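Okay, so here's the structure we're looking at.
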Amino acid sequence: MEKVHNVYSDEKIYKKLLEDKNVTVDDALDNEMIINMGPQHPATHGVLRIVLRLDGETVLKAVPELGYLHRGYEKMAEDMSFIEFIPHTDRLDYTATLCNNVAYVLAVEKLAGIEAPKRAQWIRMIVAELARIAAHMVAIGTFAMDVGAVTMVMWTFRERERIQEIFDRLAGARFTTSYTRIGGVAADLDEVTIKMIKDFLDSFEPVLKDMDNLVLHNRIFIERLEGIGILSKQDAISLGITGPNLRASGVEYDVRRANPYLFYSEVDFKIPIYAEGDSLARYFVRGDEVRESVKILYQCLDKIPKGEIMANDPKKVLPHKTEIYSRMEELIHDFMLVNFGINPPVGDSFFSAENPKGELGFYIVSNGEGNPWKMKIRSPSFCNLQAISKLCEGAMISDVIAIIGSLDPVMGEADK
Amino acid sequence: MEVKELIINKVKENIGEANIEFVDAIGDFSIIVKKEKLFELAKFLKESPELEFVMCKDVTAIDWATRKKRFSTVYHVYSFKLNFTLRVKTNLVVEPYKVESVASIWESANWYERETFDMYGIEFVNHPDLRRMYMPEGFEYYPLRKDFPVMGIPGSLPLPQKPE
C-alpha cells in the first residue's frame with residue numbers, strides 16, 4: 001500500500017496542548033476548547049495562524065504556526081545574482097518596500113566594498129523615512145480598526161496614499177518600487193518630487209493631531225489597549241524583539257542610533273521610548289516615531305547635496321542605459337554584470353537596518369561568485385511574533401486581536 | 001578596537017585558547033568555536049558581567065556542500081552594554097549533524113533553531129520544541145541544503161485527499 005502522508009494534520013500540536021498538565025480547571029463543566037484562529041482571519045494581518053487553548057473566554061495557551069506564505073526567498077537568492085534579488089526584497093515587508101530595498105543594497109555594498117555617492121545616500125534616507133511613515137500609517141490604522149475604531153483606517157490610508165503618489169513619481173511604481181541599485185539609486189529626486197514631499201510634510205502634522213484626538217478621546221480604544229499584553233523589558237530583550245515593540249518596553253535601542261548607517265549620525269532625532277510595555281504604549285511609540293521621521297525628512301531636504309546618484313565603479317555598478325547603447329566599454333560591463341554578477345570577495349557579512357517593524361538584517365555568505373552562496377534574512381516580524389504565546393497567556397480571546405495588532409507583524413516578511 | 005580586545009581576552013581566559021579562533025573581516029568580528037564548547041561559550045557570553053551579550057539576533061546555518069565540514073551554524077548576538085554585534089560560528093563535521101541548543105540561554109533562539117532545523121536538518125539537542133517552522137509536518141526534505149533542487153521535488157508535497 002502506498003504510504004499516506006500526513007502533511008496537513010496537526011496531531012502533534014493538539015497533542016502538545018493536551019499534554020500540558022500544569023493547568024487545572026475548577027470549572028463545573030471542566031472543559032477546554034482548542035480552536036484555530038487563522039490563517040484566514042482579517043485581524044491576523046495576513047496568513048498567521050494561532051492555535052488557542054481556551055477555558056471559556058480565557059486563553060490558556062497560544063501556539064503560532066507560520067509558513068502559509070513561505071516562498072523560499074533564501075533558496076531563490078542562491079540561484080540569482082545580487083542585482084536580480086532587489087525586486088524580491090519588495091515582497092518581504094510589503095508595507096515598507098523602500099526600507100527593504102535600502103537595507104538590502106547596503107548589505108551588498110558592505111560585502112562588496114562599494115560606497116554610493118552622497119546624494120544617493122541622502123535620497124535613500126528620504127525614501128526610507130517616507131516608507132517608515134507609510135508603514136506606520138498602515139500599522140496604526142489597521143491596529144485601530146482591529147479594536148473597533150474603523151474611521152482611523154480611512155484617515156491613515158488617505159495619508160499613505162499621498163506617500164504612494166510620491167513613490168509613483170520617483171520610482172515608477174506605488175508598491176513594487178525596486179528603487180535602489182547597488183551603488184546608488186535608480187532615478188534622481190527632481191524639484192517636483194521635492195515639492196510633493198514638502199507639501200505632504202506641511203499638511204501632515206495637523207492630520208496627526210486629528211488622528212490622536214480621534215482615538216485618544218475614545219474610551220473604548222483606551223480600555224481595550226491599556227494594560228493589555230504587557231511585555232516586560234527582560235522578556236522583550238531575551239525574546240529578541242526589536243523596533244517599536246522593543247522601545248515600547250522601555251529599551252532605548254534603535255539601529256539608526258546604535259550603529260548609524262547612511263547619514264543618520266548627521267541628523268537630529270529622538271528615540272521615543274515608553275516604559276509601560278502594553279499595547280497602548282506600542283501605539284504611542286509608532287505615533288511618536290512618525291513625528292521623528294517628519295523631523296528627519298525636513299533636515300534631509302535641507303541638507304541634500306547636488307551630485308551623482310550612481311557610484312563610478314564600472315566593474316560593480318550598472319552603467320546608465322543611454323551609455324550602454326552608445327559606448328562599447330559600457331556595453332561590455334553591462335553584459336558582464338548582468339550575466340556574471342558583481343563577484344564580491346570571499347567572506348561573509350551581516351548588515352542590519354532599522355525598519356518600521358524592527359531590525360532587518362541580511363547575512364550574506366559569498367564564495368567569490370556572482371550569486372550569493374547563502375543569504376539569510378533576519379526578519380523582524382518573525383522574531384516579534386515569538387512574543388505572541390507569552391503575551392496571550394491569560395488574556396481574553398478578544399485581547400488576542402489587540403495584541404496581534406499592536407505587535408504589527410507582516411507575514412510576507414515573517415514567512416520569507 | 002577596545003571592545004574586540006576585551007572580548008578576545010575574556011573569552012580566551014574562560015573558554016581556553018585551544019578551542020577558539022577569532023576572525024575579523026569585512027567589518028564583522030567573529031569567534032569560531034569547537035562544537036563541544038559552544039554551549040559553554042554562549043553561557044559565558046550572556047552571563048559575563050563585562051560582556052552581557054543578552055540578545056540573540058539570529059541563528060542560521062551554512063551548507064558548504066563539497067567541503068569536509070559540511071555544515072556551520074552561525075549565531076549573531078548583541079550586547080547593549082558594548083553596543084556590539086558578535087558572530088559565533090561552529091563547524092559540524094560528522095553525521096549525524098547535531099549541536100547543543102542555546103534556546104535555554106537566549107529565548108529568541110527557540111524559533112531560529114526550529115527554522116534552521118526545518119531548512120537544514122540540523123538537530124539541536126535539548127531544544128524545547130523542535131518542530132518544523134515553515135514546511136508542513138511530514139515533509140521529508142530539507143529545502144536549503146544544496147542537494148535540494150531550486151525547482152523543488154515533484155510530489156514531495158501531496159495534496160490533501162478529496163472527501164468521497
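We label chains A, B, ... in the order they appear in the C-alpha cells, count residues from 1 in each chain, and number ligands from 1 in the order shown.
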
Any chance you could tabulate, as CSV, the residues of chain A at most 9 Å from chain B with each one's nearest atom pair and distance in Å to one decimal, using only C-alpha atoms, in chain and rising number order?
residue,atom,partner,partner_atom,distance
A:Val4,CA,B:Pro158,CA,9.0
A:His5,CA,B:Gly138,CA,6.5
A:Asn6,CA,B:Gly138,CA,6.0
A:Val7,CA,B:Gly138,CA,5.1
A:Tyr8,CA,B:Pro136,CA,6.6
A:Ser9,CA,B:Glu137,CA,7.5
A:Asp10,CA,B:Glu137,CA,7.8
A:Lys12,CA,B:Glu137,CA,8.7
A:Glu65,CA,B:Met133,CA,7.5
A:Leu66,CA,B:Tyr134,CA,5.7
A:Gly67,CA,B:Tyr134,CA,3.9
A:Tyr68,CA,B:Tyr134,CA,7.5
A:Leu69,CA,B:Tyr134,CA,8.7
A:His70,CA,B:Tyr134,CA,6.5
A:Gly72,CA,B:Pro143,CA,8.4
A:Glu74,CA,B:Leu144,CA,7.7
A:Lys75,CA,B:Leu144,CA,5.9
A:Met76,CA,B:Val150,CA,6.8
A:Glu78,CA,B:Val150,CA,8.8
A:Asp79,CA,B:Val150,CA,7.5
A:Lys110,CA,B:Ile26,CA,7.4
A:Leu111,CA,B:Ile26,CA,6.6
A:Ala112,CA,B:Ile26,CA,8.9
A:Gly113,CA,B:Ile26,CA,8.4
A:Asp235,CA,B:Glu107,CA,8.6
A:Ile237,CA,B:Met55,CA,5.8
A:Ser238,CA,B:Glu107,CA,5.4
A:Leu239,CA,B:Ser108,CA,4.3
A:Gly240,CA,B:Ser108,CA,5.2
A:Ile241,CA,B:Ser108,CA,8.3
A:Tyr253,CA,B:Phe80,CA,8.1
A:Ala258,CA,B:Asn83,CA,6.6
A:Asn259,CA,B:Asn83,CA,7.9
A:Gly347,CA,B:Ile26,CA,7.5
A:Asp348,CA,B:Ile26,CA,7.4
A:Ser349,CA,B:Ile26,CA,6.3
A:Phe350,CA,B:Asp28,CA,7.2
A:Glu359,CA,B:Lys57,CA,9.0
A:Gly361,CA,B:Asp58,CA,8.8
A:Val365,CA,B:Ile62,CA,8.3
A:Trp373,CA,B:Ile62,CA,8.6
A:Lys374,CA,B:Ile62,CA,6.8
A:Lys376,CA,B:Thr60,CA,7.3
A:Arg378,CA,B:Asp58,CA,6.4
A:Phe382,CA,B:Trp111,CA,8.6
A:Cys383,CA,B:Ser108,CA,7.0
A:Gln386,CA,B:Trp111,CA,7.3
A:Asp415,CA,B:Tyr134,CA,7.2

If you count only C-alpha atoms, which residues fall within 9 Å of Leu225 (chain A), apart from same-chain ones fewer than 2 positions away, as a PDB file with C-alpha atoms, in the first residue's frame?
ATOM      1  CA  VAL A 147     -10.145  47.149  18.142  1.00  0.00           C
ATOM      2  CA  ILE A 220     -13.349  52.033  24.114  1.00  0.00           C
ATOM      3  CA  PHE A 221      -9.996  52.358  22.367  1.00  0.00           C
ATOM      4  CA  ILE A 222      -8.116  53.154  25.586  1.00  0.00           C
ATOM      5  CA  GLU A 223      -9.798  50.473  27.654  1.00  0.00           C
ATOM      6  CA  GLY A 227      -2.628  47.165  30.377  1.00  0.00           C
ATOM      7  CA  ILE A 228      -3.248  44.536  27.692  1.00  0.00           C
ATOM      8  CA  GLY A 229      -0.363  42.356  26.567  1.00  0.00           C
ATOM      9  CA  ASP A 278       1.452  47.405  26.927  1.00  0.00           C
ATOM     10  CA  SER A 279      -0.488  47.652  23.682  1.00  0.00           C
ATOM     11  CA  LEU A 280      -1.269  51.325  24.192  1.00  0.00           C
ATOM     12  CA  ALA A 281       2.433  52.113  24.599  1.00  0.00           C
ATOM     13  CA  TYR A 283       0.519  52.637  19.700  1.00  0.00           C
ATOM     14  CA  ASP A 399      -7.384  40.680  23.508  1.00  0.00           C
ATOM     15  CA  ALA A 402      -5.462  43.666  20.054  1.00  0.00           C
ATOM     16  CA  ILE A 403      -2.118  42.027  20.823  1.00  0.00           C
ATOM     17  CA  SER A 406      -0.086  46.026  18.477  1.00  0.00           C
TER      18      SER A 406
END

Using DSSP assignments from the backbone, pull out every residue in region 28-100 of chain B that falls under strand (DSSP E) and give it to me as a ChimeraX atom specification. /B:28-33,55-63,71-79,84-92,98-100

Name the residues of chain B that fall into helix (DSSP H, G or I) according to DSSP on the backbone, using the chain letters and numbers of this document, as a ChimeraX atom specification. /B:2-15,17-19,35-47,109-120

Nearest to Ile83 (chain A): which of A:Gly184, A:Gly341, A:Gly287, A:Pro305 is it, counting only C-alpha atoms?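 Smallest distance to Ile83 (chain A) is found for A:Gly341.
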